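Below is work-v7.txt, which holds compact mmCIF, C-alpha atoms and all ligand atoms.
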# COMPACT_ATOMS: atom_id res chain seq x y z
CA MET A 72 0.00 0.00 0.00
CA ASN A 73 1.23 3.47 -0.63
CA GLN A 74 -0.19 6.79 0.41
CA ARG A 75 0.42 9.86 -1.67
CA PRO A 76 -1.34 13.08 -2.57
CA ASP A 77 -3.53 12.98 -5.65
CA THR A 78 -3.08 16.38 -7.21
CA SER A 79 -5.41 15.68 -10.11
CA ALA A 80 -8.37 14.33 -8.19
CA ASP A 81 -10.22 17.31 -6.87
CA THR A 82 -10.19 20.86 -8.11
CA ARG A 83 -13.07 22.00 -5.92
CA THR A 84 -12.43 24.44 -3.12
CA ASP A 85 -12.03 23.35 0.47
CA THR A 86 -15.02 23.83 2.71
CA GLY A 87 -14.90 27.14 4.51
CA THR A 88 -14.48 25.87 8.04
CA ARG A 89 -12.12 23.04 7.09
CA ALA A 90 -9.59 24.78 4.85
CA GLY A 91 -6.57 22.56 4.46
CA ALA A 92 -8.39 19.41 5.59
CA THR A 93 -7.84 16.30 3.52
CA ALA A 94 -9.83 13.25 2.46
CA VAL A 95 -8.47 9.81 1.63
CA THR A 96 -9.81 7.28 -0.86
CA VAL A 97 -8.71 3.73 -1.56
CA GLN A 98 -8.24 2.82 -5.19
CA GLN A 99 -7.49 -0.42 -6.97
CA VAL A 100 -4.45 -0.10 -9.24
CA ALA A 101 -4.27 -3.55 -10.91
CA ARG A 102 -6.36 -6.67 -11.40
CA PRO A 103 -5.71 -9.69 -9.18
CA ASP A 104 -4.42 -13.02 -10.37
CA GLY A 105 -5.73 -15.42 -7.75
CA PHE A 106 -5.80 -14.34 -4.11
CA PRO A 107 -5.55 -10.52 -3.97
CA THR A 108 -2.65 -8.71 -2.32
CA ALA A 109 -2.30 -5.33 -0.65
CA ASP A 110 -0.18 -3.89 -3.47
CA LEU A 111 -3.24 -3.99 -5.73
CA PHE A 112 -4.55 -1.01 -3.74
CA ARG A 113 -3.32 2.49 -2.98
CA PHE A 114 -4.45 5.16 -0.55
CA VAL A 115 -4.91 8.51 -2.27
CA GLU A 116 -5.02 11.74 -0.29
CA GLY A 117 -6.73 14.81 -1.70
CA ARG A 118 -8.44 17.95 -0.56
CA LEU A 119 -11.66 17.66 1.39
CA PRO A 120 -14.49 18.04 -1.13
CA ALA A 121 -17.08 20.73 -0.67
CA PRO A 122 -20.80 19.99 -1.06
CA SER A 123 -22.51 21.72 -3.94
CA ARG A 124 -26.15 22.80 -3.77
CA GLY A 125 -28.40 19.77 -3.17
CA THR A 126 -25.64 17.61 -1.68
CA ALA A 127 -24.05 17.01 1.71
CA LEU A 128 -20.50 16.28 2.87
CA VAL A 129 -20.33 13.12 4.97
CA GLU A 130 -17.55 11.87 7.20
CA ASN A 131 -17.54 8.09 7.12
CA VAL A 132 -17.23 6.27 10.42
CA TYR A 133 -17.82 2.58 9.65
CA TRP A 134 -17.01 0.62 6.49
CA SER A 135 -18.13 -2.80 5.35
CA VAL A 136 -15.65 -5.02 3.52
CA ASP A 137 -17.42 -7.81 1.67
CA PRO A 138 -16.74 -10.92 -0.41
CA TYR A 139 -18.47 -9.31 -3.39
CA HIS A 140 -15.69 -6.70 -3.46
CA ARG A 141 -13.38 -9.55 -4.44
CA GLU A 142 -15.63 -10.31 -7.39
CA MET A 143 -15.69 -6.62 -8.34
CA MET A 144 -11.89 -6.50 -8.33
CA ASP A 145 -11.94 -8.64 -11.48
CA GLY A 146 -13.59 -5.88 -13.53
CA ALA A 147 -16.48 -4.01 -11.95
CA PHE A 148 -14.18 -1.83 -9.81
CA ALA A 149 -12.65 0.78 -12.13
CA LEU A 150 -8.89 1.07 -11.72
CA ASN A 151 -7.45 4.24 -10.17
CA ALA A 152 -10.86 5.43 -9.05
CA PRO A 153 -12.66 5.41 -5.69
CA LEU A 154 -14.22 2.05 -4.86
CA GLU A 155 -17.75 1.39 -3.68
CA GLY A 156 -18.95 -0.34 -0.56
CA ARG A 157 -21.58 -0.04 2.15
CA THR A 158 -20.63 2.59 4.70
CA ILE A 159 -22.05 4.60 7.58
CA GLY A 160 -21.28 8.29 7.74
CA ARG A 161 -22.42 11.42 9.51
CA VAL A 162 -23.28 14.62 7.67
CA ILE A 163 -20.77 17.31 8.60
CA GLU A 164 -21.82 19.99 6.12
CA SER A 165 -25.08 20.13 4.21
CA ARG A 166 -26.55 22.00 1.30
CA ALA A 167 -29.44 19.53 1.05
CA PRO A 168 -32.36 19.90 3.49
CA GLU A 169 -33.06 16.16 3.27
CA LEU A 170 -29.59 15.43 4.71
CA PRO A 171 -29.28 17.64 7.81
CA GLU A 172 -25.97 18.14 9.57
CA GLY A 173 -25.44 15.46 12.20
CA ALA A 174 -27.63 12.89 10.42
CA LEU A 175 -26.33 9.34 10.23
CA LEU A 176 -26.53 7.81 6.77
CA LEU A 177 -26.06 4.45 5.14
CA HIS A 178 -24.64 4.77 1.64
CA ARG A 179 -22.39 3.06 -0.89
CA HIS A 180 -19.56 5.60 -1.25
CA GLY A 181 -17.29 3.48 0.90
CA TRP A 182 -13.52 2.85 0.90
CA ARG A 183 -12.99 6.59 1.52
CA THR A 184 -12.96 8.87 4.54
CA HIS A 185 -15.43 11.39 3.15
CA ALA A 186 -18.13 11.50 0.49
CA VAL A 187 -20.36 14.09 -1.10
CA LEU A 188 -23.84 12.62 -1.46
CA ARG A 189 -27.16 13.46 -3.04
CA PRO A 190 -30.26 12.55 -1.03
CA ASP A 191 -31.08 9.69 -3.42
CA GLU A 192 -27.65 8.12 -2.72
CA ALA A 193 -28.18 7.74 1.02
CA ARG A 194 -30.64 6.33 3.53
CA LEU A 195 -31.15 8.05 6.88
CA LEU A 196 -30.50 5.52 9.64
CA PRO A 197 -33.08 5.11 12.39
CA SER A 198 -31.87 5.36 15.96
CA HIS A 199 -32.67 2.41 18.21
CA GLU A 200 -31.87 2.72 21.89
CA GLY A 201 -29.23 0.25 22.98
CA VAL A 202 -28.29 -0.75 19.43
CA PRO A 203 -24.75 0.13 18.33
CA LEU A 204 -24.41 2.10 15.13
CA SER A 205 -22.17 -0.56 13.57
CA ALA A 206 -25.07 -3.05 13.73
CA HIS A 207 -26.40 -1.31 10.61
CA LEU A 208 -23.53 -2.93 8.69
CA GLY A 209 -24.09 -6.29 10.39
CA ILE A 210 -27.26 -7.86 11.69
CA LEU A 211 -29.44 -4.87 10.73
CA GLY A 212 -27.66 -4.29 7.40
CA GLY A 213 -27.16 -6.29 4.24
CA THR A 214 -25.60 -9.14 6.20
CA GLY A 215 -28.55 -9.65 8.52
CA LEU A 216 -31.03 -9.03 5.74
CA THR A 217 -29.34 -11.73 3.65
CA ALA A 218 -29.71 -14.24 6.47
CA TYR A 219 -33.29 -13.15 7.14
CA VAL A 220 -34.32 -13.43 3.48
CA ALA A 221 -32.52 -16.77 3.14
CA LEU A 222 -34.38 -18.26 6.10
CA THR A 223 -37.82 -16.68 5.81
CA ARG A 224 -38.33 -16.29 2.05
CA ILE A 225 -36.01 -18.67 0.21
CA ALA A 226 -35.66 -21.60 2.62
CA GLN A 227 -39.02 -20.86 4.28
CA LEU A 228 -37.81 -22.32 7.56
CA GLN A 229 -40.45 -23.99 9.71
CA ALA A 230 -40.09 -24.45 13.47
CA GLY A 231 -38.19 -27.57 14.40
CA GLN A 232 -36.38 -27.95 11.08
CA ASP A 233 -32.65 -28.71 11.04
CA VAL A 234 -30.44 -26.23 9.18
CA PHE A 235 -26.96 -26.58 7.70
CA VAL A 236 -25.00 -23.32 7.29
CA SER A 237 -21.64 -23.02 5.51
CA ALA A 238 -19.12 -20.26 6.30
CA ALA A 239 -21.00 -20.47 9.57
CA ALA A 240 -18.64 -18.26 11.58
CA GLY A 241 -18.80 -15.30 9.17
CA GLY A 242 -21.24 -12.43 8.97
CA VAL A 243 -24.08 -14.16 7.14
CA GLY A 244 -23.32 -17.47 8.85
CA THR A 245 -23.59 -16.16 12.41
CA ALA A 246 -26.63 -14.05 11.53
CA THR A 247 -28.29 -17.14 10.04
CA ALA A 248 -27.78 -19.10 13.25
CA ARG A 249 -28.96 -16.30 15.52
CA ILE A 250 -32.07 -15.58 13.44
CA GLY A 251 -32.72 -19.26 12.81
CA ARG A 252 -32.71 -19.97 16.53
CA LEU A 253 -35.15 -17.13 17.17
CA LEU A 254 -37.40 -18.52 14.42
CA GLY A 255 -37.47 -21.90 16.16
CA ALA A 256 -35.01 -23.89 14.08
CA GLY A 257 -34.24 -27.43 15.17
CA ARG A 258 -30.59 -28.47 15.11
CA LEU A 259 -28.14 -25.94 13.69
CA ILE A 260 -25.11 -27.45 11.93
CA GLY A 261 -22.25 -25.24 10.79
CA SER A 262 -19.01 -25.60 8.86
CA ALA A 263 -16.03 -23.28 9.32
CA GLY A 264 -12.34 -23.09 8.60
CA SER A 265 -10.55 -23.70 11.92
CA PRO A 266 -10.89 -25.61 15.21
CA ALA A 267 -11.14 -22.29 17.06
CA LYS A 268 -14.08 -21.25 14.90
CA VAL A 269 -15.75 -24.62 15.36
CA ALA A 270 -15.49 -24.24 19.14
CA HIS A 271 -16.77 -20.67 18.96
CA LEU A 272 -19.82 -21.74 16.95
CA THR A 273 -21.00 -24.29 19.49
CA GLU A 274 -19.91 -22.42 22.62
CA HIS A 275 -21.05 -18.91 21.74
CA VAL A 276 -23.18 -18.70 18.58
CA GLY A 277 -25.73 -21.40 19.32
CA TYR A 278 -24.80 -24.05 16.77
CA ASP A 279 -25.57 -27.56 18.00
CA ILE A 280 -22.73 -29.11 16.05
CA ALA A 281 -19.94 -27.74 13.88
CA PHE A 282 -17.05 -29.11 11.87
CA ASP A 283 -13.86 -27.86 10.22
CA TYR A 284 -14.17 -28.33 6.46
CA HIS A 285 -10.41 -28.91 6.22
CA ASP A 286 -10.72 -32.19 8.14
CA GLY A 287 -11.96 -34.28 5.21
CA PRO A 288 -14.70 -34.43 2.61
CA VAL A 289 -17.48 -32.03 3.55
CA VAL A 290 -20.12 -34.62 2.70
CA ASP A 291 -18.68 -37.06 5.23
CA ALA A 292 -18.57 -34.46 7.99
CA LEU A 293 -22.09 -33.29 7.23
CA ARG A 294 -23.52 -36.82 7.11
CA ALA A 295 -21.84 -37.57 10.44
CA ALA A 296 -23.25 -34.38 11.93
CA ALA A 297 -26.74 -34.96 10.54
CA PRO A 298 -27.29 -38.70 10.04
CA ASP A 299 -31.02 -38.15 9.43
CA GLY A 300 -30.34 -35.38 6.90
CA VAL A 301 -31.13 -31.67 6.98
CA HIS A 302 -34.34 -29.87 6.10
CA ARG A 303 -32.80 -26.54 5.16
CA THR A 304 -29.39 -25.26 4.00
CA VAL A 305 -28.02 -21.74 3.75
CA ASP A 306 -24.92 -22.12 1.58
CA ASN A 307 -22.34 -19.34 1.49
CA VAL A 308 -19.51 -21.37 -0.04
CA GLY A 309 -20.63 -23.31 -3.13
CA GLY A 310 -18.58 -26.10 -4.72
CA GLU A 311 -18.00 -29.05 -2.42
CA HIS A 312 -20.19 -27.52 0.30
CA LEU A 313 -23.17 -27.24 -2.03
CA GLU A 314 -22.67 -30.77 -3.28
CA ALA A 315 -22.58 -32.00 0.34
CA ALA A 316 -25.72 -30.03 1.17
CA ILE A 317 -27.58 -31.69 -1.68
CA ALA A 318 -26.30 -35.10 -0.61
CA ALA A 319 -27.39 -34.57 3.00
CA SER A 320 -30.76 -33.01 2.21
CA ARG A 321 -33.96 -34.77 3.18
CA ASP A 322 -36.80 -35.20 0.74
CA HIS A 323 -38.50 -31.86 0.02
CA ALA A 324 -35.57 -29.95 1.51
CA ARG A 325 -34.86 -26.35 0.53
CA ILE A 326 -31.44 -24.89 -0.12
CA ALA A 327 -30.91 -21.11 -0.12
CA TRP A 328 -27.76 -20.48 -2.17
CA VAL A 329 -26.31 -17.24 -0.88
CA GLY A 330 -22.75 -17.22 -2.19
CA ALA A 331 -19.79 -19.19 -3.49
CA ILE A 332 -16.74 -17.85 -1.71
CA ALA A 333 -14.84 -21.06 -2.52
CA GLN A 334 -14.59 -19.92 -6.12
CA TYR A 335 -14.13 -16.13 -5.98
CA HIS A 336 -10.36 -16.34 -6.56
CA ALA A 337 -10.07 -19.82 -7.99
CA ALA A 338 -8.43 -20.03 -11.41
CA GLU A 339 -11.21 -22.39 -12.47
CA PRO A 340 -14.64 -22.47 -10.84
CA PRO A 341 -15.17 -25.74 -8.99
CA PRO A 342 -17.22 -28.29 -10.89
CA ALA A 343 -20.94 -27.88 -10.46
CA PRO A 344 -22.35 -30.26 -7.87
CA ARG A 345 -22.18 -33.65 -9.51
CA ASN A 346 -25.38 -34.69 -7.77
CA LEU A 347 -27.67 -31.99 -9.17
CA PHE A 348 -30.07 -34.64 -10.44
CA ASP A 349 -30.76 -35.59 -6.80
CA LEU A 350 -32.83 -32.40 -6.71
CA VAL A 351 -35.34 -34.18 -8.91
CA GLY A 352 -35.35 -37.55 -7.19
CA ARG A 353 -35.83 -36.06 -3.73
CA SER A 354 -37.91 -33.00 -4.67
CA ILE A 355 -35.26 -30.64 -3.29
CA ARG A 356 -35.60 -26.95 -4.07
CA LEU A 357 -32.34 -25.02 -4.73
CA GLU A 358 -32.74 -21.26 -5.11
CA GLY A 359 -30.23 -18.43 -5.35
CA PHE A 360 -31.01 -14.80 -4.62
CA LEU A 361 -29.48 -11.36 -4.20
CA VAL A 362 -30.27 -9.34 -1.10
CA ARG A 363 -30.45 -6.16 -3.16
CA ASP A 364 -33.79 -7.41 -4.50
CA TYR A 365 -35.28 -7.34 -0.99
CA PRO A 366 -35.03 -3.73 0.29
CA HIS A 367 -38.76 -3.85 1.03
CA LEU A 368 -37.99 -6.28 3.89
CA GLN A 369 -35.66 -3.83 5.69
CA GLN A 370 -38.39 -2.55 8.01
CA GLU A 371 -39.56 -6.10 8.68
CA LEU A 372 -35.99 -6.96 9.72
CA TYR A 373 -35.88 -3.98 12.09
CA ASP A 374 -39.24 -4.98 13.58
CA PHE A 375 -37.99 -8.54 14.09
CA ALA A 376 -34.40 -7.97 15.19
CA VAL A 377 -34.29 -4.72 17.17
CA PRO A 378 -36.40 -5.90 20.14
CA HIS A 379 -34.28 -9.07 20.34
CA ILE A 380 -31.06 -7.02 20.30
CA GLN A 381 -32.43 -4.75 23.00
CA SER A 382 -33.50 -7.72 25.16
CA GLY A 383 -30.11 -9.41 24.74
CA ARG A 384 -31.53 -12.42 22.87
CA LEU A 385 -29.76 -11.42 19.67
CA PRO A 386 -26.05 -10.80 20.38
CA LEU A 387 -24.04 -8.99 17.72
CA ASP A 388 -21.31 -11.00 15.99
CA ALA A 389 -18.69 -8.73 14.50
CA THR A 390 -14.95 -8.27 14.19
CA LEU A 391 -14.23 -4.56 14.41
CA VAL A 392 -10.93 -3.40 12.94
CA THR A 393 -9.96 0.10 13.99
CA GLY A 394 -8.57 2.69 11.60
CA PHE A 395 -9.41 3.54 8.01
CA ASP A 396 -5.78 2.83 7.14
CA GLN A 397 -6.52 -0.82 8.00
CA ILE A 398 -9.36 -1.25 5.49
CA VAL A 399 -7.32 -3.17 2.90
CA ASN A 400 -5.86 -5.43 5.59
CA ALA A 401 -9.36 -6.03 6.97
CA PHE A 402 -10.68 -6.92 3.51
CA LEU A 403 -7.87 -9.37 2.83
CA GLY A 404 -8.18 -10.76 6.35
CA MET A 405 -11.90 -11.40 5.81
CA LEU A 406 -11.12 -13.33 2.62
CA ARG A 407 -8.56 -15.38 4.59
CA GLY A 408 -11.15 -16.08 7.29
CA GLU A 409 -9.70 -13.91 10.07
CA ASN A 410 -13.15 -12.65 11.06
CA LEU A 411 -15.69 -13.96 13.54
CA GLY A 412 -19.03 -12.51 12.53
CA LYS A 413 -19.23 -9.52 10.21
CA MET A 414 -15.93 -7.80 9.36
CA ILE A 415 -16.34 -4.06 9.96
CA VAL A 416 -13.78 -1.27 9.90
CA GLY A 417 -14.28 1.67 12.25
CA ALA A 418 -12.64 5.07 12.07
CA ALA A 419 -9.94 5.53 14.68
CA GLN A 420 -11.00 9.00 15.68
CA PRO A 421 -14.04 10.05 13.74
CA THR A 422 -14.57 13.75 14.31
CA ALA A 423 -18.23 13.08 13.53
CA LEU A 424 -18.67 10.99 16.66
CA ARG A 425 -16.64 13.04 19.11
P1 LIG B 501 -18.00 -13.79 5.81
O1 LIG B 501 -18.63 -15.14 5.87
O2 LIG B 501 -18.09 -12.95 7.01
O3 LIG B 501 -16.47 -13.88 5.40
C1 LIG B 501 -16.06 -14.77 4.46
C2 LIG B 501 -15.72 -16.13 5.11
O4 LIG B 501 -15.63 -17.09 4.08
C3 LIG B 501 -14.38 -16.14 5.80
O5 LIG B 501 -14.50 -15.73 7.13
C4 LIG B 501 -13.94 -17.59 5.65
O6 LIG B 501 -14.24 -18.29 6.85
C5 LIG B 501 -14.84 -18.15 4.54
N1 LIG B 501 -14.05 -18.67 3.41
C6 LIG B 501 -13.10 -18.03 2.71
N2 LIG B 501 -12.63 -18.84 1.72
C7 LIG B 501 -13.32 -20.00 1.85
C8 LIG B 501 -13.28 -21.24 1.14
N3 LIG B 501 -12.45 -21.43 0.10
N4 LIG B 501 -14.11 -22.23 1.52
C9 LIG B 501 -14.95 -22.06 2.57
N5 LIG B 501 -15.03 -20.91 3.28
C10 LIG B 501 -14.22 -19.91 2.92
O7 LIG B 501 -18.62 -13.03 4.56
P2 LIG B 501 -20.14 -12.62 4.38
O8 LIG B 501 -20.16 -11.19 4.03
O9 LIG B 501 -20.94 -13.10 5.52
O10 LIG B 501 -20.53 -13.43 3.05
C11 LIG B 501 -20.69 -14.84 3.11
C12 LIG B 501 -21.15 -15.33 1.73
O11 LIG B 501 -22.41 -14.76 1.45
C13 LIG B 501 -20.23 -14.95 0.58
O12 LIG B 501 -20.22 -16.00 -0.37
C14 LIG B 501 -20.91 -13.74 0.00
O13 LIG B 501 -20.56 -13.53 -1.37
C15 LIG B 501 -22.34 -14.11 0.19
N6 LIG B 501 -23.30 -13.01 0.25
C16 LIG B 501 -24.31 -13.03 -0.67
C17 LIG B 501 -25.29 -12.08 -0.62
C18 LIG B 501 -26.45 -12.15 -1.59
O14 LIG B 501 -27.14 -11.15 -1.78
N7 LIG B 501 -26.68 -13.31 -2.21
C19 LIG B 501 -25.21 -11.04 0.33
C20 LIG B 501 -24.16 -11.05 1.26
C21 LIG B 501 -23.21 -12.05 1.20
P3 LIG B 501 -13.55 -19.71 7.20
O15 LIG B 501 -12.45 -19.41 8.17
O16 LIG B 501 -14.66 -20.48 7.79
O17 LIG B 501 -13.02 -20.29 5.92

What's the structure tokens form of this structure?
Amino acid sequence: MNQRPDTSADTRTDTGTRAGATAVTVQQVARPDGFPTADLFRFVEGRLPAPSRGTALVENVYWSVDPYHREMMDGAFALNAPLEGRTIGRVIESRAPELPEGALLLHRHGWRTHAVLRPDEARLLPSHEGVPLSAHLGILGGTGLTAYVALTRIAQLQAGQDVFVSAAAGGVGTATARIGRLLGAGRLIGSAGSPAKVAHLTEHVGYDIAFDYHDGPVVDALRAAAPDGVHRTVDNVGGEHLEAAIAASRDHARIAWVGAIAQYHAAEPPPAPRNLFDLVGRSIRLEGFLVRDYPHLQQELYDFAVPHIQSGRLPLDATLVTGFDQIVNAFLGMLRGENLGKMIVGAAQPTALR
């Protein structure tokens, strides 16, 4: 990573009260070949932008780093330009009445310390007593909504049904277990990438049984964990995990296919599950989805989750990395599996929250 002034980036004037202040963006400078490395990014410092009429200047305080950013690195992220990502910021200067100074916003101008936003680019965050702000990037954000949609709409979980969850110790995986338990799931079975994570899942997250997918074929571990089969799967990994989920599914099971992190930096995608035809023979339903198609369920998620958070029945699973300068390390660490729960980066000293 290098950090240097970008003299070409911003020709607008500094804001009156913050003359001389700077803003930093992270940019991707080259495409990855396999697992990404820190030298594919650079930190670019420029002058603090000023809001024009109808916009507001926001200081970002929490950033989400997500597996889909890895997919975007292959082409959707423009090189040498600010990246996108879900972020929470506070308005520090406004020329838009819809975005008053002090308001907390969720928006997608992430991977940068500051952003100038139009009202249609941001959502005002509700304040819930006793709920930390960072929860809006975890259980109350896209991560929690993904788990909620997977369980309630795609898998259509019924009380008492056993659920297999892959990448169980990550953001979506922990949210799936927490929400699944509150919805009355039967046995929760999780797979994760280390013995420490396996222990954490059963001791702290509420999984009934967990296994390390490095210990042997996933299908063997899953069959041993669920000899009678599973009713529902929420698959975050794809490849061998999805094949195992199909193999271990009961008749009329449902599989919500959320992601395929096993293949995001593989040279070749893993072979499709070789047992796809079992879907027919056992009337199994496999359905993928994107959480961005479910914004209409955001309020429903708040109504469901906030009282449980406030009562202590829904603990927050997150790894919080401090300092915007750590955002690339946090992203790479998440891809390596260094996170328990949702990986979130928090500003070291956000002036907005002082
Ligand atoms: P996360 O699970 O918090 O972090 C990624 C985790 O993936 C790591 O902690 C790591 O844990 C695991 N992992 C990495 N490489 C792996 C591999 N080769 N095989 C198995 N596990 C591996 O990330 P998240 O944000 O919650 O996302 C989880 C999945 O959901 C991703 O596939 C993501 O793309 C998907 N997703 C989809 C939607 C949607 O709208 N469909 C929305 C959000 C997320 P281990 O230590 O256990 O390996």

Q: Measuring atom to atom with all atoms listed in the file, identify which of A:Gly125, A:Gly255, A:Gly201, A:Gly330 is nearest to ligand LIG 501 (chain B).
A: A:Gly330

Q.
Taking all atoms listed in the file and a cut-off of 7 Å, can you tell me which residues surround ligand LIG 501 (chain B), written as number ranges by chain?
A. A: 137-139, 213-214, 217, 238-244, 262-265, 307-308, 329-334, 359-363, 405-414

Polymer residues at most 8 Å from segment 223-225 of chain A, all atoms listed in the file, same-chain spacing of 5 or more positions, as a PDB file with C-alpha atoms, in the coordinates of the input:
ATOM      1  CA  ARG A 325     -34.860 -26.350   0.530  1.00  0.00           C
ATOM      2  CA  ILE A 326     -31.440 -24.890  -0.120  1.00  0.00           C
ATOM      3  CA  ALA A 327     -30.910 -21.110  -0.120  1.00  0.00           C
ATOM      4  CA  GLU A 358     -32.740 -21.260  -5.110  1.00  0.00           C
ATOM      5  CA  PHE A 360     -31.010 -14.800  -4.620  1.00  0.00           C
TER       6      PHE A 360
END

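For the pair atom CA of Tyr133 of chain A and atom CA of Leu208 of chain A, the separation is 8.0 Å.
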
Q: Between A:Leu196, A:Val95, A:Leu176, A:Val305, single out the one closest to Gln370 of chain A, counting only C-alpha atoms.
A: A:Leu196

(Q) So that I can see what lies close to Arg345 of chain A, please list as a count of residues only the residues with an atom at most 12 Å from it, counting only C-alpha atoms and leaving out residues fewer than 5 positions away in the same chain. (A) 10

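One distance worth recording is that between atom CA of Ala338 of chain A and atom CA of Asp104 of chain A, which is 8.1 Å.
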
Q) Leaving out segment 299-302 of chain A and any residue of its chain fewer than 6 positions from it, which residues lie within 12 Å of it when counting all atoms listed in the file, given as a ChimeraX atom specification? A) /A:222,226-236,256-261,290-293,315-327,353-356
